[in-house]
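input-v5.pdb follows; it contains PDB, C-alpha atoms, pLDDT in the B column.
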```pdb
ATOM      1  CA  MET M   1      -7.603  28.539 -25.719  1.00 45.00           C
ATOM      2  CA  TYR M   2      -5.962  25.928 -23.496  1.00 43.00           C
ATOM      3  CA  TYR M   3      -7.032  22.340 -24.031  1.00 40.00           C
ATOM      4  CA  CYS M   4      -6.212  19.541 -21.645  1.00 38.00           C
ATOM      5  CA  GLU M   5      -7.207  15.973 -22.359  1.00 43.00           C
ATOM      6  CA  VAL M   6      -8.239  14.207 -19.194  1.00 41.00           C
ATOM      7  CA  SER M   7      -7.920  10.445 -19.171  1.00 51.00           C
ATOM      8  CA  SER M   8      -9.227   8.350 -16.357  1.00 66.00           C
ATOM      9  CA  MET M   9      -7.243   5.437 -15.069  1.00 85.00           C
ATOM     10  CA  ASP M  10      -8.555   2.130 -13.894  1.00 95.00           C
ATOM     11  CA  LYS M  11      -7.911   1.004 -10.326  1.00 96.00           C
ATOM     12  CA  ILE M  12      -6.951  -2.111  -8.454  1.00 96.00           C
ATOM     13  CA  VAL M  13      -7.649  -1.722  -4.743  1.00 98.00           C
ATOM     14  CA  LEU M  14      -6.610  -3.990  -1.889  1.00 98.00           C
ATOM     15  CA  LYS M  15      -8.432  -2.734   1.193  1.00 98.00           C
ATOM     16  CA  ASN M  16      -7.841  -3.337   4.890  1.00 98.00           C
ATOM     17  CA  MET M  17      -5.131  -6.013   4.684  1.00 98.00           C
ATOM     18  CA  GLY M  18      -4.331  -6.958   8.275  1.00 98.00           C
ATOM     19  CA  PHE M  19      -0.921  -7.932   9.648  1.00 98.00           C
ATOM     20  CA  TYR M  20       0.644  -8.495  13.040  1.00 97.00           C
ATOM     21  CA  ALA M  21       3.981  -6.687  13.001  1.00 97.00           C
ATOM     22  CA  TYR M  22       6.648  -4.985  15.102  1.00 96.00           C
ATOM     23  CA  HIS M  23       6.782  -1.370  13.949  1.00 95.00           C
ATOM     24  CA  GLY M  24       7.134   1.525  16.379  1.00 94.00           C
ATOM     25  CA  ASN M  25       9.435   3.628  18.510  1.00 92.00           C
ATOM     26  CA  LEU M  26       8.656   2.131  21.905  1.00 92.00           C
ATOM     27  CA  PRO M  27      10.359  -1.054  23.123  1.00 92.00           C
ATOM     28  CA  SER M  28       6.970  -2.679  23.751  1.00 89.00           C
ATOM     29  CA  GLU M  29       5.958  -2.042  20.127  1.00 90.00           C
ATOM     30  CA  THR M  30       9.069  -3.744  18.789  1.00 91.00           C
ATOM     31  CA  THR M  31       8.982  -6.724  21.182  1.00 93.00           C
ATOM     32  CA  GLN M  32       5.267  -7.398  21.656  1.00 94.00           C
ATOM     33  CA  GLY M  33       4.051  -6.207  18.277  1.00 94.00           C
ATOM     34  CA  GLN M  34       0.536  -5.139  17.289  1.00 95.00           C
ATOM     35  CA  ARG M  35      -2.010  -5.115  14.469  1.00 97.00           C
ATOM     36  CA  PHE M  36      -1.611  -2.935  11.394  1.00 98.00           C
ATOM     37  CA  PHE M  37      -3.877  -2.474   8.392  1.00 98.00           C
ATOM     38  CA  VAL M  38      -2.809  -1.525   4.877  1.00 98.00           C
ATOM     39  CA  ASP M  39      -4.710  -0.262   1.819  1.00 98.00           C
ATOM     40  CA  VAL M  40      -3.134  -0.170  -1.627  1.00 98.00           C
ATOM     41  CA  THR M  41      -4.675   1.613  -4.607  1.00 97.00           C
ATOM     42  CA  VAL M  42      -2.976   1.089  -7.962  1.00 97.00           C
ATOM     43  CA  LEU M  43      -3.795   3.171 -11.041  1.00 97.00           C
ATOM     44  CA  ALA M  44      -3.168   1.498 -14.380  1.00 95.00           C
ATOM     45  CA  ASP M  45      -4.670   1.061 -17.809  1.00 94.00           C
ATOM     46  CA  LEU M  46      -6.620  -2.193 -17.485  1.00 94.00           C
ATOM     47  CA  THR M  47      -8.083  -2.099 -20.988  1.00 94.00           C
ATOM     48  CA  LYS M  48      -5.989  -4.989 -22.313  1.00 94.00           C
ATOM     49  CA  PRO M  49      -6.660  -7.441 -19.453  1.00 94.00           C
ATOM     50  CA  GLY M  50     -10.320  -6.449 -19.646  1.00 93.00           C
ATOM     51  CA  GLN M  51     -10.311  -7.613 -23.258  1.00 95.00           C
ATOM     52  CA  THR M  52      -7.987 -10.628 -23.103  1.00 95.00           C
ATOM     53  CA  ASP M  53      -8.964 -12.028 -19.682  1.00 95.00           C
ATOM     54  CA  GLN M  54      -5.284 -12.964 -19.203  1.00 94.00           C
ATOM     55  CA  LEU M  55      -3.480 -12.407 -15.900  1.00 92.00           C
ATOM     56  CA  GLU M  56      -0.172 -11.661 -17.619  1.00 92.00           C
ATOM     57  CA  ASP M  57      -1.813  -8.591 -19.189  1.00 92.00           C
ATOM     58  CA  SER M  58      -2.773  -7.201 -15.793  1.00 93.00           C
ATOM     59  CA  ILE M  59      -1.165  -6.348 -12.469  1.00 94.00           C
ATOM     60  CA  ASN M  60      -1.387  -9.393 -10.235  1.00 94.00           C
ATOM     61  CA  TYR M  61      -2.993  -8.386  -6.951  1.00 94.00           C
ATOM     62  CA  VAL M  62      -1.698 -11.580  -5.300  1.00 96.00           C
ATOM     63  CA  ASP M  63       1.811 -10.259  -5.970  1.00 96.00           C
ATOM     64  CA  ILE M  64       0.813  -6.918  -4.450  1.00 97.00           C
ATOM     65  CA  TYR M  65      -0.502  -8.659  -1.319  1.00 98.00           C
ATOM     66  CA  ASP M  66       2.630 -10.803  -1.027  1.00 98.00           C
ATOM     67  CA  THR M  67       4.870  -7.727  -1.277  1.00 97.00           C
ATOM     68  CA  VAL M  68       2.904  -5.882   1.408  1.00 98.00           C
ATOM     69  CA  GLU M  69       2.864  -8.922   3.692  1.00 98.00           C
ATOM     70  CA  ARG M  70       6.610  -9.481   3.365  1.00 98.00           C
ATOM     71  CA  ILE M  71       7.510  -5.868   4.104  1.00 98.00           C
ATOM     72  CA  MET M  72       5.014  -5.572   6.971  1.00 98.00           C
ATOM     73  CA  THR M  73       6.149  -8.764   8.702  1.00 97.00           C
ATOM     74  CA  GLU M  74       9.870  -8.953   7.883  1.00 96.00           C
ATOM     75  CA  THR M  75      11.088  -5.333   7.999  1.00 91.00           C
ATOM     76  CA  PRO M  76      10.523  -3.663  11.393  1.00 95.00           C
ATOM     77  CA  CYS M  77      10.535   0.137  11.168  1.00 97.00           C
ATOM     78  CA  LYS M  78      10.170   2.931  13.691  1.00 96.00           C
ATOM     79  CA  LEU M  79       7.831   5.049  11.568  1.00 97.00           C
ATOM     80  CA  LEU M  80       4.696   4.326   9.552  1.00 97.00           C
ATOM     81  CA  GLU M  81       6.138   6.712   6.977  1.00 98.00           C
ATOM     82  CA  ARG M  82       9.072   4.341   6.444  1.00 98.00           C
ATOM     83  CA  VAL M  83       6.877   1.232   6.189  1.00 98.00           C
ATOM     84  CA  GLY M  84       4.587   2.925   3.664  1.00 98.00           C
ATOM     85  CA  SER M  85       7.541   4.194   1.632  1.00 98.00           C
ATOM     86  CA  LEU M  86       9.131   0.747   1.464  1.00 98.00           C
ATOM     87  CA  ILE M  87       5.873  -0.751   0.188  1.00 98.00           C
ATOM     88  CA  ALA M  88       5.213   2.080  -2.282  1.00 98.00           C
ATOM     89  CA  ASP M  89       8.750   2.045  -3.679  1.00 98.00           C
ATOM     90  CA  GLU M  90       8.835  -1.711  -4.195  1.00 97.00           C
ATOM     91  CA  LEU M  91       5.429  -1.796  -5.882  1.00 97.00           C
ATOM     92  CA  TRP M  92       6.304   1.231  -8.018  1.00 97.00           C
ATOM     93  CA  ASN M  93       9.630  -0.235  -9.154  1.00 95.00           C
ATOM     94  CA  SER M  94       8.438  -3.801  -9.772  1.00 92.00           C
ATOM     95  CA  ASN M  95       5.243  -3.220 -11.784  1.00 84.00           C
ATOM     96  CA  LYS M  96       5.781  -1.499 -15.130  1.00 84.00           C
ATOM     97  CA  GLY M  97       2.079  -0.900 -15.804  1.00 90.00           C
ATOM     98  CA  ILE M  98       1.473   1.195 -12.692  1.00 95.00           C
ATOM     99  CA  VAL M  99       1.048   4.927 -13.386  1.00 95.00           C
ATOM    100  CA  GLY M 100       0.134   5.853  -9.825  1.00 96.00           C
ATOM    101  CA  LEU M 101      -0.316   4.280  -6.440  1.00 97.00           C
ATOM    102  CA  ALA M 102      -1.247   5.094  -2.878  1.00 98.00           C
ATOM    103  CA  VAL M 103      -0.287   3.046   0.168  1.00 98.00           C
ATOM    104  CA  THR M 104      -2.042   3.730   3.466  1.00 98.00           C
ATOM    105  CA  VAL M 105      -0.724   2.138   6.661  1.00 98.00           C
ATOM    106  CA  ARG M 106      -3.036   2.252   9.707  1.00 98.00           C
ATOM    107  CA  LYS M 107      -2.058   1.662  13.321  1.00 96.00           C
ATOM    108  CA  PRO M 108      -5.084   1.237  15.619  1.00 94.00           C
ATOM    109  CA  SER M 109      -3.166   0.892  18.907  1.00 88.00           C
ATOM    110  CA  VAL M 110      -1.119   4.041  19.224  1.00 85.00           C
ATOM    111  CA  PRO M 111       0.603   5.162  22.428  1.00 83.00           C
ATOM    112  CA  ILE M 112      -1.482   8.327  22.767  1.00 84.00           C
ATOM    113  CA  SER M 113      -3.335   9.124  25.979  1.00 87.00           C
ATOM    114  CA  GLY M 114      -6.391  10.473  24.137  1.00 88.00           C
ATOM    115  CA  MET M 115      -9.144   8.623  22.310  1.00 88.00           C
ATOM    116  CA  LEU M 116      -8.914   7.911  18.579  1.00 89.00           C
ATOM    117  CA  ASP M 117      -9.672   5.085  16.174  1.00 91.00           C
ATOM    118  CA  TYR M 118      -6.246   4.922  14.547  1.00 93.00           C
ATOM    119  CA  VAL M 119      -3.363   6.827  13.050  1.00 94.00           C
ATOM    120  CA  GLU M 120      -2.667   6.425   9.338  1.00 96.00           C
ATOM    121  CA  VAL M 121      -0.029   7.547   6.872  1.00 98.00           C
ATOM    122  CA  THR M 122      -0.558   7.599   3.112  1.00 98.00           C
ATOM    123  CA  ILE M 123       2.383   7.485   0.708  1.00 98.00           C
ATOM    124  CA  THR M 124       1.832   8.151  -3.005  1.00 98.00           C
ATOM    125  CA  ARG M 125       3.840   7.633  -6.171  1.00 97.00           C
ATOM    126  CA  GLY M 126       3.097   8.817  -9.696  1.00 94.00           C
ATOM    127  CA  GLN M 127      -0.294  10.158 -10.766  1.00 84.00           C
ATOM    128  CA  ILE M 128      -2.837   9.709  -8.017  1.00 80.00           C
TER
END
```

How does the structure come out when it is put into structure tokens?
Amino acid sequence: MYYCEVSSMDKIVLKNMGFYAYHGNLPSETTQGQRFFVDVTVLADLTKPGQTDQLEDSINYVDIYDTVERIMTETPCKLLERVGSLIADELWNSNKGIVGLAVTVRKPSVPISGMLDYVEVTITRGQI
């Protein structure tokens, strides 16, 4: 008989962070800019900070926001895939307690002639 222990992970979620940035392939996208929205879901064991009530035992979501903001506003990219990967890689490499994460970058104003709400790309790392 095969036995697999399933453990659930706790989550920290930053939802719908909005930024004005200059990502895209068209000249107008890189000179005029546009709005983007980002969601970050981090999986981690939050048992210790839940018991100690100490920020140093947790993953600081202000640091997560600051990382996303810096990359979104200071690093113009052609593709959403690149922006999401930069965010995911930096968060993954700078937070030892993260066991999984997902970064979704949404672009509401896309140069497509049809009707749609937005285009989004989700990049994952680790167990998600």

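For Thr67 (chain M), the residues within 9 Å (counting only C-alpha atoms, excluding itself and residues fewer than 6 positions away along the chain) are Ile87, Glu90 and Leu91 of chain M.
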
**Asked** If the PyMOL selection byres ((chain M and resi 81) around 12) is run on the structure shown, which residues does it catch, given as a PyMOL selection string?
**Response** chain M and resi 23-24+77-80+82-89+103-107+119-124

**Prompt:** Hey, what's within 8 Å of Val13 (chain M) if we count only C-alpha atoms and toss same-chain stuff fewer than 5 positions away? As a list in words, please?
**Reply:**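 The neighbour list is Asp39, Val40, Thr41 and Val42 of chain M.
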
Contacts of Gly18 (chain M) at 10 Å or less, counting all atoms listed in the file, minus same-chain residues fewer than 2 places along, as an mmCIF file with C-alpha atoms, keeping the file's coordinate frame?
```cif
data_model
loop_
_atom_site.group_PDB
_atom_site.id
_atom_site.type_symbol
_atom_site.label_atom_id
_atom_site.label_comp_id
_atom_site.auth_asym_id
_atom_site.auth_seq_id
_atom_site.Cartn_x
_atom_site.Cartn_y
_atom_site.Cartn_z
ATOM 1 C CA LYS M 15 -8.432 -2.734 1.193
ATOM 2 C CA ASN M 16 -7.841 -3.337 4.890
ATOM 3 C CA TYR M 20 0.644 -8.495 13.040
ATOM 4 C CA ALA M 21 3.981 -6.687 13.001
ATOM 5 C CA ARG M 35 -2.010 -5.115 14.469
ATOM 6 C CA PHE M 36 -1.611 -2.935 11.394
ATOM 7 C CA PHE M 37 -3.877 -2.474 8.392
ATOM 8 C CA VAL M 38 -2.809 -1.525 4.877
ATOM 9 C CA ASP M 39 -4.710 -0.262 1.819
ATOM 10 C CA GLU M 69 2.864 -8.922 3.692
ATOM 11 C CA MET M 72 5.014 -5.572 6.971
ATOM 12 C CA VAL M 105 -0.724 2.138 6.661
ATOM 13 C CA ARG M 106 -3.036 2.252 9.707
#
```

**Prompt:** How far is it from CA of Lys48 (chain M) to CA of Asn93 (chain M), in Å with one decimal?
**Reply:** 21.0 Å

**Asked** Which of these, M:Asp45, M:Ile128, M:Pro76, M:Leu116, has the shortest distance to Gly97 (chain M) once you count all atoms listed in the file?
**Response** M:Asp45

**Item:** Point-to-point distance from CA of Tyr65 (chain M) to CA of Ser94 (chain M), Å rounded to tenths
**Value:** 13.2 Å

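Take CA of Gln127 (chain M) and CA of Gly100 (chain M): the distance between them is 4.4 Å.
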
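Remark: for Gly33 (chain M), the closest of the candidate residues M:Met115, M:Leu46, M:Met17, M:Val110 is M:Val110 (distances computed over all atoms listed in the file).
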
Listed atoms of region 15-19 of chain M, axis-aligned box, 8 Å per side: centre and edge lengths to one decimal in Å, as lines of an AutoDock Vina configuration file?
```
center_x = -4.7
center_y = -5.3
center_z = 5.4
size_x = 23.5
size_y = 21.2
size_z = 24.5
```

**Closest of M:Ala44, M:Ile71, M:Ile98, M:Ile112 to Phe19 (chain M) - atom-to-atom distances counting all atoms listed in the file** =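 Of M:Ala44, M:Ile71, M:Ile98, M:Ile112, the one nearest Phe19 (chain M), counting all atoms listed in the file, is M:Ile71.
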
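Shortest atom-to-atom contact with Ile59 (chain M) among M:Ser28, M:Thr73, M:Thr47, M:Asn95: M:Asn95, counting only C-alpha atoms.
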
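Using all atoms listed in the file, the shortest contact distance between Gln34 (chain M) and any of M:Glu56, M:Gly114, M:Asp63, M:Pro108 is found at M:Pro108.
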
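Residue nearest Asp10 (chain M), chosen from M:Gly126, M:Gly50, M:Pro111, M:Pro27 and counting all atoms listed in the file: M:Gly50.
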